[in-house]
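These notes concern the structure reproduced below.
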Amino acid sequence: MKRTIVLVISLLLIASLAMAGCSKGEDKPAAEDTGKTGEASEGTKEAGKDAPEAGAEPEVIKLRAFQSSFGEDPSNTGLYKAWLEKMEAHIGKKLDIEWTYVHSDDYPEKLKLQLASGDVPDILSGTKDAEIMFQFGNQGALLDIAPYIDEYAPNYKKFLESTQYAEKTLQTPEGKMFFFGDGFQNDTGMVDSAYGSLYRFDIFKKHNIKVPESWEEFYDAAVKLKELYPDVYPVNAQEWPPFHETFYYTNHTKGDIYWNGEKFVYGPTEEAFKEGIMYVHRMYKEKLLDPEFLTQSQDQLKQKVTTGKSFMIPFAWLGWWEQYSIPEQGIEWGAAILPKNEKYGEPWMQGAALPGLTAYPNYGTMISAKTKYPEIMVQLLDYQYSPEMIDLMTWGIEGMNYEVKDGKRVRIMDPSEEVKNAKLEWYGEGVTRQGFVFAPQNHAPDVSGYKDMPFYGKGQYESLNPFVGTGKFHSGKSAIPTWDLAPVIRLSKEDEAKKAQVMTAVKTYLDENLSKFILGERNFDEWSAFQDELTKIGDYQSIVDSMNELAIK
Amino acid sequence: MNGNVVSKNSFWRRCIKQRYLIMMVLPGFVLMLVFKYFPMYGILIAFKDFNAMDGILRSPWAGLKHFQAFFDSPMSWRIIKNTLLLGLYSLIFGFPAPIVFALLLNELRITLFKRAVQTITYFPHFLSTVIIVGFVHEFASMDGIINHVMGWFGVDPVPLLNFSANFRSLFIGSSIWQELGWGAIIYLAAITGADSALYEAAVIDGANRWQRIRYVTWPAIVPATTVMLIMKLGSILSTDFQKVLLMYNPNIYETADVIETYVYRLGIMGTQYEYSSAVGLMLSLIAFVLITSGNYISKKVSENSLW
């Protein structure tokens, strides 16, 4: 009896192996297919060239779009119809688009399967990991759009021209371009951000304490508040970004390898980095900083800041002010830009909105190498980068999605029934995106989505949109961190693995020791010894060198 | 020849006879097959330089490179030590807890109270790890219950999760609290299986409560205990990854950073899938050896074994 059972189990195992074998078999022909398509596309490209000129009547262009989605199907909305109308007018032909939406969580996986199957839709959403797009491109699955840019993509060309290091980050070393980079338009005329410092304005006003503009003033304010409220820890910190990261922006350094404007360097070896850690330690030691700042959850923090247990948060997403303030009880949180460190000059911004037009080397859109109409596909995607299409896809339609007040456009946050019924809601953000995903983003409507909040700067309390406030009290481009404008380095697979192994060990050792220095478990006399230990943990310098070699080539 | 045919027939006949039983087993069997056996060929990437375009089977072989990389790391010794200690302490403190609890429950004579205690204690098992860790954070905070109690003895409150010395106690303590009632169910069932005539005989022979536990109840649950112990041996190296990840912070890496969290930071965040698979495979192999040898020893020493 035992033997028969063993027999049955082994038979089943063999069966399962055979099934695995089948899937093995399926892999191969698919891959051969993609190989063939590379050749085939040469032929169809020729055919495609004739196609647009052939017909004088408005012909129908049939195409398939494989899209990353955020949960809702936008193809039945009023905005979609407006988008389609403009697209058709632009190319002078009718469009018949077959949309396939895949949830963004599964998209990269499904995309790989789709491409490996050899059946590649004409237009595809890009991926966060640009490496995937480069790989598919190099294997012949994607259209190289570089030869089409001058003639068919005037709008996208403007994005490329105003993007720093575009050649390095959006093209292969041979100059091939396998995707349209994710577009970002900022026509607010400002470099701004939604991050800064938060303070209990009502307490600061009550005791006539100046809202800090420098780290010295920050310390003085904390000491004064501690004197007034001995049971309170005046300073607290968000779970993210943590306190010590404030100094990355005010001292112009970073806790990792970063681009300093000229080359890659390892931040923790810099004096500016040490100064930041010493400052946090001092706040902790003098009981000005909540001792739970390293371990508390967001809920615990919120409880403290809404019950008068903390009055200052050096670094936060400014949108928190609304949840932290309780107007009925007179608790008023407000914002200021990060305190300045005179030694290093103007503080930088976290998440700075770059001015003008930028093409980011990820997401965006791709075109199949097999498409019948390469020129038209390029034209269609390029049109999404035009000012009028960006307007339509991010602002929507005037009177429906936005209105003009004092010559400025303002988003209608609460759409009318009429708009809802016509499915004309503002579809630019979050749930669904219009057109070929990922189309360019526009900064202005995002700004318009934030409420005005109490803001302090240059000696005055005001009520400002957080973006407007940060933009107003920073001086533009010089507040952009150098690492936001860094060239993107693509290491070889081997070097990438080495980097992950070395830097994970180094980062682990760094992080735990930073906490020790901050909490006083290690003394700052040991800082140089600590630097030696760090070198022994991993050879980060060789990683930095190999990155520089590629960047400064 | 003839015998073969007969045995074959009798096998199929038995299958038909037991078709309902087989149908009941089938869903579980298919589940294991699809989710545990089919994905197994994925471990191949532990020996390969994986390339998403080429797929698992056509990526080039890389030998034992990724295993080597794990041991080359300056952190490997520490994370192995942390993993082993956490597993070992869990075994030493966590394993006997439900047994003791079941024995204690069994001694209760008021059924209503016994039921109530049982229900209350097994409830935390159904809470997700995120919520349990949320409790731990609250309990361990400056004005949490632990500091409150310590305050009675004149200890100043400190954020307990800031210090590496506290991590293991908090981790294992909260696990025991969560799994105590649930873990006791199997032992309570085993105790129920003990012949009540044995208790009566023991009472007549003048055995006191302790002796009844020692000589009647305990032998009744030894088989269940052995099986549970063997299974537990296999999980010494597989810490509750999710819980550690939620509980730890850089300041307590020294005791809290285990193999799985480190590999998570390196392999998943750094997209080194081959490396993660290599470490995963290695852990599974060790677990396999532990279970097999545990079973072997148990079979030799006692009559109880998993197979």
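If you're wondering about the labels, chains in the structure tokens are A, B, ... by order shown, residues count from 1 in each chain, ligands from 1 in order shown.
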- [ ] Considering only C-alpha atoms, extract the chain B residues located within 7 Å of chain A and return them as a PyMOL selection string.
- [x] chain B and resi 38+74-75+159+161-162+249-253+265-266+270+272
Task: All residues 7 Å or closer to Asn548 of chain A, only C-alpha atoms, same chain fewer than 4 positions away omitted, as a PyMOL selection string - done: chain A and resi 263-264+544+552
Selected residues written out with N, CA and C atoms, as a compact mmCIF listing (two decimals), in the first residue's frame:
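Done, and the output landed in out.txt:
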```txt
# COMPACT_ATOMS: atom_id res chain seq x y z
N LYS A 263 30.98 66.08 -9.82
CA LYS A 263 31.28 64.64 -9.81
C LYS A 263 30.50 63.94 -8.70
N PHE A 264 30.58 62.61 -8.70
CA PHE A 264 29.96 61.85 -7.62
C PHE A 264 30.89 61.81 -6.42
N VAL A 544 32.26 54.86 -6.24
CA VAL A 544 32.23 56.28 -6.62
C VAL A 544 33.10 56.50 -7.86
N ILE A 552 31.89 61.31 -16.37
CA ILE A 552 32.72 62.40 -16.87
C ILE A 552 33.40 62.00 -18.18
```
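Comparing B:Ile131, B:Met150, B:Val117, B:Val136 by their smallest distance to Gly181 of chain B, the closest is B:Val117 (using only C-alpha atoms).
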- [ ] Identify, on the basis of only C-alpha atoms, every residue whose closest approach to Glu274 of chain B does not exceed 8 Å; exclude the query and any residue fewer than 6 positions from it along the same chain; express the result as a ChimeraX atom specification.
- [x] /B:45-50,66,267
TODO: Would you list the contacts of segment 122-128 of chain A as a PyMOL selection string, taking every protein, DNA or RNA residue within 7 Å and counting only C-alpha atoms, but skipping same-chain residues closer than 5 positions in sequence?
DONE: chain A and resi 63-68+108+362-368+371+437-438
Those residues with C-alpha atoms, as a PDB file, in the first residue's frame please?
```pdb
ATOM      1  CA  LEU A  63      -3.614  50.933 -33.577  1.00  0.00           C
ATOM      2  CA  ARG A  64      -3.329  49.115 -30.316  1.00  0.00           C
ATOM      3  CA  ALA A  65      -2.278  50.787 -27.061  1.00  0.00           C
ATOM      4  CA  PHE A  66      -0.995  48.793 -24.084  1.00  0.00           C
ATOM      5  CA  GLN A  67      -1.399  51.002 -21.045  1.00  0.00           C
ATOM      6  CA  SER A  68      -0.512  51.212 -17.393  1.00  0.00           C
ATOM      7  CA  PRO A 108       6.035  45.784 -15.727  1.00  0.00           C
ATOM      8  CA  ASN A 362      11.824  56.799 -16.944  1.00  0.00           C
ATOM      9  CA  TYR A 363       8.108  56.135 -17.502  1.00  0.00           C
ATOM     10  CA  GLY A 364       7.017  57.993 -20.679  1.00  0.00           C
ATOM     11  CA  THR A 365       5.886  56.009 -23.725  1.00  0.00           C
ATOM     12  CA  MET A 366       7.360  53.524 -26.212  1.00  0.00           C
ATOM     13  CA  ILE A 367       6.566  52.512 -29.794  1.00  0.00           C
ATOM     14  CA  SER A 368       6.696  48.989 -31.167  1.00  0.00           C
ATOM     15  CA  THR A 371       4.236  49.308 -36.024  1.00  0.00           C
ATOM     16  CA  VAL A 437       0.069  56.979 -20.568  1.00  0.00           C
ATOM     17  CA  PHE A 438       2.474  58.451 -19.389  1.00  0.00           C
TER      18      PHE A 438
END
```
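Note that the spacing between atom CA of Lys157 of chain A and atom CA of Ala369 of chain A amounts to 20.6 Å.
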- [ ] May I have all residues of segment 107-280 of chain B that DSSP, computed from the backbone, assigns to helix (DSSP H, G or I), given as an NGL selection string?
- [x] :B and (107 or 111-126 or 129-140 or 145-152 or 160-162 or 164-192 or 196-204 or 209-234 or 241-247 or 250-256 or 259-268 or 273-280)
TODO: Enter the distance from atom CA of Arg409 of chain A to atom CA of Phe473 of chain A, in Å, rounded to one decimal.
DONE: 22.6 Å
Open item on the list: With only C-alpha atoms as the counted atoms, please give the residues lying no more than 10 Å from Phe126 of chain B, apart from itself and same-chain residues fewer than 2 positions off, as a list in words.
Closed with: Tyr122, Phe123, Pro124, Ser128, Thr129, Ile132, Gln178, Glu179 and Trp182 of chain B
Open item on the list: I want to know what sits within 12 Å of Ser90 of chain B, based on only C-alpha atoms, with residues of the same chain fewer than 5 positions away left out; could you give that as number ranges by chain?
Closed with: B: 82-85, 95-97, 168-176, 179, 229, 232-233, 235-240
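Taking atom CA of Lys302 of chain A and atom CA of Tyr229 of chain A as endpoints, the distance between them is 19.0 Å.
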Open item on the list: When you look at Gln323 of chain A with a cut-off of 12 Å (counting only C-alpha atoms), what residues show up, excluding the ones that are within fewer than 2 positions of it in the same chain? I need them as a PyMOL selection string.
Closed with: chain A and resi 298-299+301-303+305-306+317-321+325-327+331-334+453
Export of prior selection with C-alpha atoms as an mmCIF file, in the first residue's frame:
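Once everything was written out, this is again.cif:
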```cif
data_model
loop_
_atom_site.group_PDB
_atom_site.id
_atom_site.type_symbol
_atom_site.label_atom_id
_atom_site.label_comp_id
_atom_site.auth_asym_id
_atom_site.auth_seq_id
_atom_site.Cartn_x
_atom_site.Cartn_y
_atom_site.Cartn_z
ATOM 1 C CA GLN A 298 3.002 58.924 12.340
ATOM 2 C CA ASP A 299 -0.038 58.401 14.605
ATOM 3 C CA LEU A 301 3.590 62.002 16.284
ATOM 4 C CA LYS A 302 0.225 63.424 15.313
ATOM 5 C CA GLN A 303 -1.067 62.849 18.807
ATOM 6 C CA VAL A 305 1.721 67.747 17.893
ATOM 7 C CA THR A 306 -2.023 68.168 18.323
ATOM 8 C CA TRP A 317 5.627 67.664 3.858
ATOM 9 C CA LEU A 318 3.812 70.942 4.397
ATOM 10 C CA GLY A 319 0.415 69.416 3.706
ATOM 11 C CA TRP A 320 0.498 67.990 7.239
ATOM 12 C CA TRP A 321 -0.283 71.448 8.676
ATOM 13 C CA SER A 325 -3.906 72.333 13.353
ATOM 14 C CA ILE A 326 -7.056 72.500 15.486
ATOM 15 C CA PRO A 327 -8.557 75.964 14.947
ATOM 16 C CA ILE A 331 -3.644 75.281 17.660
ATOM 17 C CA GLU A 332 -2.195 76.781 14.499
ATOM 18 C CA TRP A 333 0.645 75.131 12.605
ATOM 19 C CA GLY A 334 2.370 77.082 9.854
ATOM 20 C CA MET A 453 -1.684 77.938 4.709
#
```
